[in-house]
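Colleague: Okay, so here is run-v9.pdb, and as you'll see once you scroll down, it has PDB, C-alpha atoms.
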```
ATOM      1  CA  MET B   1      30.776-115.703  45.331  1.00  0.00           C
ATOM      2  CA  SER B   2      33.555-117.153  47.420  1.00  0.00           C
ATOM      3  CA  ASP B   3      35.256-120.331  46.245  1.00  0.00           C
ATOM      4  CA  ASP B   4      35.405-121.600  49.808  1.00  0.00           C
ATOM      5  CA  HIS B   5      32.272-123.759  50.143  1.00  0.00           C
ATOM      6  CA  THR B   6      33.628-125.812  52.972  1.00  0.00           C
ATOM      7  CA  GLU B   7      32.545-123.426  55.644  1.00  0.00           C
ATOM      8  CA  ILE B   8      28.942-123.180  54.451  1.00  0.00           C
ATOM      9  CA  PRO B   9      26.623-125.689  56.160  1.00  0.00           C
ATOM     10  CA  GLY B  10      25.024-128.240  53.832  1.00  0.00           C
ATOM     11  CA  ARG B  11      21.470-126.981  54.264  1.00  0.00           C
ATOM     12  CA  VAL B  12      22.432-123.397  53.465  1.00  0.00           C
ATOM     13  CA  GLN B  13      24.484-124.520  50.475  1.00  0.00           C
ATOM     14  CA  ALA B  14      21.540-126.587  49.180  1.00  0.00           C
ATOM     15  CA  GLU B  15      19.178-123.644  49.613  1.00  0.00           C
ATOM     16  CA  LEU B  16      21.596-121.344  47.777  1.00  0.00           C
ATOM     17  CA  THR B  17      21.804-123.833  44.912  1.00  0.00           C
ATOM     18  CA  ARG B  18      18.016-124.036  44.740  1.00  0.00           C
ATOM     19  CA  LEU B  19      17.703-120.253  44.752  1.00  0.00           C
ATOM     20  CA  ARG B  20      20.301-119.913  41.994  1.00  0.00           C
ATOM     21  CA  ALA B  21      18.410-122.420  39.858  1.00  0.00           C
ATOM     22  CA  GLU B  22      15.139-120.553  40.418  1.00  0.00           C
ATOM     23  CA  ARG B  23      16.819-117.271  39.513  1.00  0.00           C
ATOM     24  CA  GLN B  24      18.054-118.784  36.251  1.00  0.00           C
ATOM     25  CA  VAL B  25      14.564-120.061  35.442  1.00  0.00           C
ATOM     26  CA  PHE B  26      12.987-116.705  36.231  1.00  0.00           C
ATOM     27  CA  THR B  27      15.617-114.856  34.211  1.00  0.00           C
ATOM     28  CA  ALA B  28      15.029-117.155  31.239  1.00  0.00           C
ATOM     29  CA  GLU B  29      11.267-116.654  31.584  1.00  0.00           C
ATOM     30  CA  GLN B  30      11.754-112.893  31.789  1.00  0.00           C
ATOM     31  CA  ASP B  31      13.900-112.943  28.632  1.00  0.00           C
ATOM     32  CA  ARG B  32      11.301-115.068  26.849  1.00  0.00           C
ATOM     33  CA  LEU B  33       8.527-112.676  27.843  1.00  0.00           C
ATOM     34  CA  LYS B  34      10.576-109.662  26.757  1.00  0.00           C
ATOM     35  CA  ALA B  35      11.164-111.270  23.373  1.00  0.00           C
ATOM     36  CA  LYS B  36       7.472-112.101  23.092  1.00  0.00           C
ATOM     37  CA  LEU B  37       6.579-108.521  24.041  1.00  0.00           C
ATOM     38  CA  ALA B  38       8.953-107.138  21.422  1.00  0.00           C
ATOM     39  CA  GLU B  39       7.471-109.492  18.833  1.00  0.00           C
ATOM     40  CA  THR B  40       3.936-108.450  19.749  1.00  0.00           C
ATOM     41  CA  GLU B  41       4.852-104.766  19.569  1.00  0.00           C
ATOM     42  CA  HIS B  42       6.361-105.406  16.157  1.00  0.00           C
ATOM     43  CA  GLU B  43       3.178-107.189  15.031  1.00  0.00           C
ATOM     44  CA  LEU B  44       1.133-104.294  16.406  1.00  0.00           C
ATOM     45  CA  ARG B  45       3.154-101.771  14.417  1.00  0.00           C
ATOM     46  CA  GLU B  46       2.779-103.881  11.258  1.00  0.00           C
ATOM     47  CA  ALA B  47      -0.953-104.334  11.839  1.00  0.00           C
ATOM     48  CA  THR B  48      -1.530-100.629  12.342  1.00  0.00           C
ATOM     49  CA  ALA B  49       0.514 -99.809   9.223  1.00  0.00           C
ATOM     50  CA  VAL B  50      -1.349-102.364   7.065  1.00  0.00           C
ATOM     51  CA  VAL B  51      -4.829-101.353   8.198  1.00  0.00           C
ATOM     52  CA  ALA B  52      -6.296 -98.860   5.799  1.00  0.00           C
ATOM     53  CA  PRO B  53      -8.067 -95.802   7.161  1.00  0.00           C
ATOM     54  CA  ASN B  54     -11.398 -96.881   5.584  1.00  0.00           C
ATOM     55  CA  GLU B  55     -11.430-100.122   7.562  1.00  0.00           C
ATOM     56  CA  GLY B  56     -11.919 -98.286  10.843  1.00  0.00           C
ATOM     57  CA  GLU B  57     -14.125-100.854  12.586  1.00  0.00           C
ATOM     58  CA  SER B  58     -12.034-103.970  11.802  1.00  0.00           C
ATOM     59  CA  ALA B  59      -8.879-102.023  12.548  1.00  0.00           C
ATOM     60  CA  ALA B  60     -10.334-101.045  15.908  1.00  0.00           C
ATOM     61  CA  VAL B  61     -11.114-104.714  16.641  1.00  0.00           C
ATOM     62  CA  ASN B  62      -7.609-105.746  15.590  1.00  0.00           C
ATOM     63  CA  GLN B  63      -6.163-102.932  17.646  1.00  0.00           C
ATOM     64  CA  ALA B  64      -8.205-104.006  20.684  1.00  0.00           C
ATOM     65  CA  GLU B  65      -7.058-107.625  20.302  1.00  0.00           C
ATOM     66  CA  LEU B  66      -3.444-106.565  19.973  1.00  0.00           C
ATOM     67  CA  ASN B  67      -3.737-104.250  22.969  1.00  0.00           C
ATOM     68  CA  GLN B  68      -5.247-107.086  25.008  1.00  0.00           C
ATOM     69  CA  LYS B  69      -2.405-109.402  23.951  1.00  0.00           C
ATOM     70  CA  LEU B  70       0.090-106.723  24.798  1.00  0.00           C
ATOM     71  CA  SER B  71      -1.419-106.074  28.224  1.00  0.00           C
ATOM     72  CA  SER B  72      -1.494-109.809  29.095  1.00  0.00           C
ATOM     73  CA  GLN B  73       2.140-110.161  28.094  1.00  0.00           C
ATOM     74  CA  GLN B  74       2.999-107.074  30.109  1.00  0.00           C
ATOM     75  CA  GLU B  75       1.264-108.635  33.130  1.00  0.00           C
ATOM     76  CA  GLU B  76       3.290-111.835  32.674  1.00  0.00           C
ATOM     77  CA  LEU B  77       6.450-109.768  32.496  1.00  0.00           C
ATOM     78  CA  ASP B  78       5.493-107.879  35.667  1.00  0.00           C
ATOM     79  CA  VAL B  79       4.871-111.185  37.495  1.00  0.00           C
ATOM     80  CA  ALA B  80       8.250-112.500  36.363  1.00  0.00           C
ATOM     81  CA  LYS B  81       9.923-109.282  37.548  1.00  0.00           C
ATOM     82  CA  ALA B  82       8.219-109.591  40.946  1.00  0.00           C
ATOM     83  CA  ARG B  83       9.383-113.208  41.245  1.00  0.00           C
ATOM     84  CA  LEU B  84      12.906-112.165  40.317  1.00  0.00           C
ATOM     85  CA  LYS B  85      12.911-109.437  42.992  1.00  0.00           C
ATOM     86  CA  ALA B  86      11.636-111.917  45.590  1.00  0.00           C
ATOM     87  CA  LEU B  87      14.344-114.376  44.589  1.00  0.00           C
ATOM     88  CA  GLU B  88      17.032-111.691  44.810  1.00  0.00           C
ATOM     89  CA  ALA B  89      15.781-110.803  48.303  1.00  0.00           C
ATOM     90  CA  GLU B  90      15.988-114.465  49.332  1.00  0.00           C
ATOM     91  CA  VAL B  91      19.521-114.720  47.954  1.00  0.00           C
ATOM     92  CA  LEU B  92      20.531-111.590  49.855  1.00  0.00           C
ATOM     93  CA  LEU B  93      19.034-113.025  53.048  1.00  0.00           C
ATOM     94  CA  SER B  94      20.901-116.301  52.467  1.00  0.00           C
ATOM     95  CA  HIS B  95      24.149-114.380  52.017  1.00  0.00           C
ATOM     96  CA  GLN B  96      23.550-112.518  55.263  1.00  0.00           C
ATOM     97  CA  GLN B  97      22.815-115.764  57.092  1.00  0.00           C
ATOM     98  CA  ARG B  98      25.937-117.354  55.625  1.00  0.00           C
ATOM     99  CA  ASP B  99      28.066-114.406  56.757  1.00  0.00           C
ATOM    100  CA  SER B 100      26.505-114.577  60.215  1.00  0.00           C
ATOM    101  CA  LEU B 101      27.212-118.317  60.433  1.00  0.00           C
ATOM    102  CA  ARG B 102      30.803-117.759  59.315  1.00  0.00           C
ATOM    103  CA  ALA B 103      31.302-115.132  62.022  1.00  0.00           C
ATOM    104  CA  GLU B 104      29.818-117.478  64.630  1.00  0.00           C
ATOM    105  CA  LEU B 105      32.046-120.307  63.388  1.00  0.00           C
ATOM    106  CA  LYS B 106      35.104-118.078  63.682  1.00  0.00           C
ATOM    107  CA  THR B 107      34.152-117.152  67.255  1.00  0.00           C
ATOM    108  CA  CYS B 108      33.616-120.823  68.146  1.00  0.00           C
ATOM    109  CA  ARG B 109      36.997-121.774  66.690  1.00  0.00           C
ATOM    110  CA  GLU B 110      38.749-119.029  68.639  1.00  0.00           C
ATOM    111  CA  GLU B 111      37.065-120.186  71.857  1.00  0.00           C
ATOM    112  CA  ARG B 112      38.010-123.803  71.076  1.00  0.00           C
ATOM    113  CA  ASP B 113      41.642-122.787  70.559  1.00  0.00           C
ATOM    114  CA  LYS B 114      41.692-120.900  73.864  1.00  0.00           C
ATOM    115  CA  LEU B 115      40.245-123.909  75.666  1.00  0.00           C
ATOM    116  CA  ARG B 116      42.798-126.229  74.057  1.00  0.00           C
ATOM    117  CA  LEU B 117      45.644-123.969  75.195  1.00  0.00           C
ATOM    118  CA  ALA B 118      44.248-123.824  78.718  1.00  0.00           C
ATOM    119  CA  LEU B 119      43.948-127.616  78.741  1.00  0.00           C
ATOM    120  CA  LEU B 120      47.532-128.036  77.553  1.00  0.00           C
ATOM    121  CA  ASP B 121      48.752-125.618  80.238  1.00  0.00           C
ATOM    122  CA  ALA B 122      46.830-127.547  82.879  1.00  0.00           C
ATOM    123  CA  GLU B 123      48.268-130.854  81.640  1.00  0.00           C
ATOM    124  CA  LEU B 124      51.790-129.415  81.805  1.00  0.00           C
ATOM    125  CA  VAL B 125      51.230-128.219  85.361  1.00  0.00           C
ATOM    126  CA  VAL B 126      49.808-131.591  86.414  1.00  0.00           C
ATOM    127  CA  SER B 127      52.557-133.605  84.690  1.00  0.00           C
ATOM    128  CA  ALA B 128      55.288-131.401  86.195  1.00  0.00           C
ATOM    129  CA  GLY B 129      53.838-131.768  89.693  1.00  0.00           C
ATOM    130  CA  VAL B 130      53.824-128.045  90.362  1.00  0.00           C
ATOM    131  CA  VAL B 131      52.495-127.256  93.795  1.00  0.00           C
ATOM    132  CA  ASP B 132      50.666-124.057  94.664  1.00  0.00           C
ATOM    133  CA  ALA B 133      53.637-122.759  96.666  1.00  0.00           C
ATOM    134  CA  ASP B 134      55.769-122.763  93.499  1.00  0.00           C
ATOM    135  CA  LEU B 135      53.294-120.578  91.631  1.00  0.00           C
ATOM    136  CA  LEU B 136      53.425-116.804  91.512  1.00  0.00           C
ATOM    137  CA  PRO B 137      50.181-114.854  92.148  1.00  0.00           C
ATOM    138  CA  GLY B 138      49.445-114.771  88.370  1.00  0.00           C
ATOM    139  CA  GLY B 139      49.432-118.573  88.181  1.00  0.00           C
ATOM    140  CA  GLU B 140      52.905-118.749  86.584  1.00  0.00           C
ATOM    141  CA  PRO B 141      55.697-120.858  88.135  1.00  0.00           C
ATOM    142  CA  SER B 142      58.494-118.935  89.884  1.00  0.00           C
ATOM    143  CA  ALA B 143      61.792-118.450  88.008  1.00  0.00           C
ATOM    144  CA  ASP B 144      63.605-121.140  90.011  1.00  0.00           C
ATOM    145  CA  ARG B 145      60.755-123.590  89.593  1.00  0.00           C
ATOM    146  CA  GLN B 146      60.601-122.767  85.872  1.00  0.00           C
ATOM    147  CA  ARG B 147      64.304-123.626  85.472  1.00  0.00           C
ATOM    148  CA  VAL B 148      63.753-126.895  87.323  1.00  0.00           C
ATOM    149  CA  LEU B 149      60.746-127.702  85.134  1.00  0.00           C
ATOM    150  CA  ASN B 150      62.717-126.950  81.971  1.00  0.00           C
ATOM    151  CA  ALA B 151      65.638-129.127  83.147  1.00  0.00           C
ATOM    152  CA  GLU B 152      63.264-131.980  84.020  1.00  0.00           C
ATOM    153  CA  ARG B 153      61.529-131.646  80.669  1.00  0.00           C
ATOM    154  CA  LEU B 154      64.897-131.713  78.843  1.00  0.00           C
ATOM    155  CA  ALA B 155      66.060-134.756  80.840  1.00  0.00           C
ATOM    156  CA  ALA B 156      62.829-136.611  80.095  1.00  0.00           C
ATOM    157  CA  GLU B 157      63.151-135.787  76.405  1.00  0.00           C
ATOM    158  CA  MET B 158      66.760-137.029  76.306  1.00  0.00           C
ATOM    159  CA  ALA B 159      65.780-140.224  78.153  1.00  0.00           C
ATOM    160  CA  ARG B 160      63.044-140.865  75.570  1.00  0.00           C
ATOM    161  CA  GLU B 161      65.516-140.354  72.712  1.00  0.00           C
ATOM    162  CA  LEU B 162      68.070-142.688  74.310  1.00  0.00           C
ATOM    163  CA  ASP B 163      65.419-145.319  74.909  1.00  0.00           C
ATOM    164  CA  ALA B 164      64.226-145.015  71.303  1.00  0.00           C
ATOM    165  CA  THR B 165      67.802-145.398  70.069  1.00  0.00           C
ATOM    166  CA  ARG B 166      68.339-148.526  72.190  1.00  0.00           C
ATOM    167  CA  ARG B 167      65.196-150.071  70.762  1.00  0.00           C
ATOM    168  CA  THR B 168      66.379-149.767  67.154  1.00  0.00           C
ATOM    169  CA  VAL B 169      67.529-152.803  65.188  1.00  0.00           C
ATOM    170  CA  SER B 170      70.921-151.285  64.429  1.00  0.00           C
ATOM    171  CA  TRP B 171      71.639-150.756  68.145  1.00  0.00           C
ATOM    172  CA  ARG B 172      70.828-154.380  68.906  1.00  0.00           C
ATOM    173  CA  VAL B 173      72.826-155.668  65.946  1.00  0.00           C
ATOM    174  CA  THR B 174      75.934-153.685  66.902  1.00  0.00           C
ATOM    175  CA  ALA B 175      75.783-154.676  70.600  1.00  0.00           C
ATOM    176  CA  PRO B 176      78.453-157.409  70.235  1.00  0.00           C
ATOM    177  CA  LEU B 177      80.809-154.924  68.558  1.00  0.00           C
ATOM    178  CA  ARG B 178      80.453-152.512  71.460  1.00  0.00           C
ATOM    179  CA  ILE B 179      81.249-155.296  73.941  1.00  0.00           C
ATOM    180  CA  VAL B 180      84.419-156.195  72.016  1.00  0.00           C
ATOM    181  CA  ARG B 181      85.457-152.551  71.884  1.00  0.00           C
ATOM    182  CA  LYS B 182      85.010-152.159  75.650  1.00  0.00           C
ATOM    183  CA  LYS B 183      87.166-155.193  76.262  1.00  0.00           C
ATOM    184  CA  MET B 184      89.837-153.875  73.920  1.00  0.00           C
ATOM    185  CA  ASP B 185      89.949-150.466  75.648  1.00  0.00           C
ATOM    186  CA  ARG B 186      90.698-152.036  79.054  1.00  0.00           C
ATOM    187  CA  PRO B 187      94.433-152.172  80.037  1.00  0.00           C
TER     188      PRO B 187
END
```
Transcribe the structure of this file into structure tokens.

Modeller:
Amino acid sequence: MSDDHTEIPGRVQAELTRLRAERQVFTAEQDRLKAKLAETEHELREATAVVAPNEGESAAVNQAELNQKLSSQQEELDVAKARLKALEAEVLLSHQQRDSLRAELKTCREERDKLRLALLDAELVVSAGVVDADLLPGGEPSADRQRVLNAERLAAEMARELDATRRTVSWRVTAPLRIVRKKMDRP
């Protein structure tokens, strides 16, 4: 079983937990019935060994009772086996559904990522003010327009950095020192 439970929806995870618990109960019941069957077979062997040949009628009654006990225990074991097979089929179906949901989730995430990229591209085009005449037939900006866009983007980035620097406390504190230095540099 995968250690990654985060991708399994809560309902499916709860159902899987329930099915696992049922499987454990059925397995324990099957083991108990097998032990009981082995014990009964052992008792049957002991009873048939103890019964003397001259006690034919009582031995036949004992044998019939033991056979009846054995057959009822065998029926219980068969029912437990059928339940176990049904549970295993349900678990297999749950695994298939989980795998199907994971594949669908992967497809949805890929589509989401494509849409996010398309949205970012559209925002870049809108923020850059690209007009249709600057676009090549494939929707890409021409080489000249691309250089202009890159230069504008770089200038805007540098302006933001300069503005951020001017807003710092150290820039404001050292402002008087810069004024004195400018006055000292003048002839």

Colleague: Which residues are near Gln63 (chain B)? Cut-off 9 Å, all atoms listed in the file, ignore same chain within fewer than 5 positions. Put them as a ChimeraX atom specification.

Modeller: /B:44,47-48,58,68

Colleague: Between B:Glu90, B:Leu124, B:Glu111, B:Gln30, which is the closest to Asp78 (chain B) once you count only C-alpha atoms?

Modeller: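 Comparing B:Glu90, B:Leu124, B:Glu111, B:Gln30 against Asp78 (chain B), the winner is B:Gln30.
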
Colleague: Which residue, B:Arg11, B:Lys106, B:Lys69, B:Arg20, has the smallest gap to Glu41 (chain B) when you use all atoms listed in the file?

Modeller: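 The shortest atom-to-atom distance to Glu41 (chain B) comes from B:Lys69.
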
Colleague: Which distance in Å separates CA of Ala35 (chain B) and CA of Thr17 (chain B), to one decimal?

Modeller: 27.1 Å

Colleague: Would you give the centre and edge lengths, in Å to one decimal, of a box along x, y and z around the listed atoms of region 145-160 of chain B, with 6 Å added to each side, as lines of an AutoDock Vina configuration file?

Modeller:
```
center_x = 63.7
center_y = -131.8
center_z = 82.6
size_x = 18.2
size_y = 30.1
size_z = 26.0
```
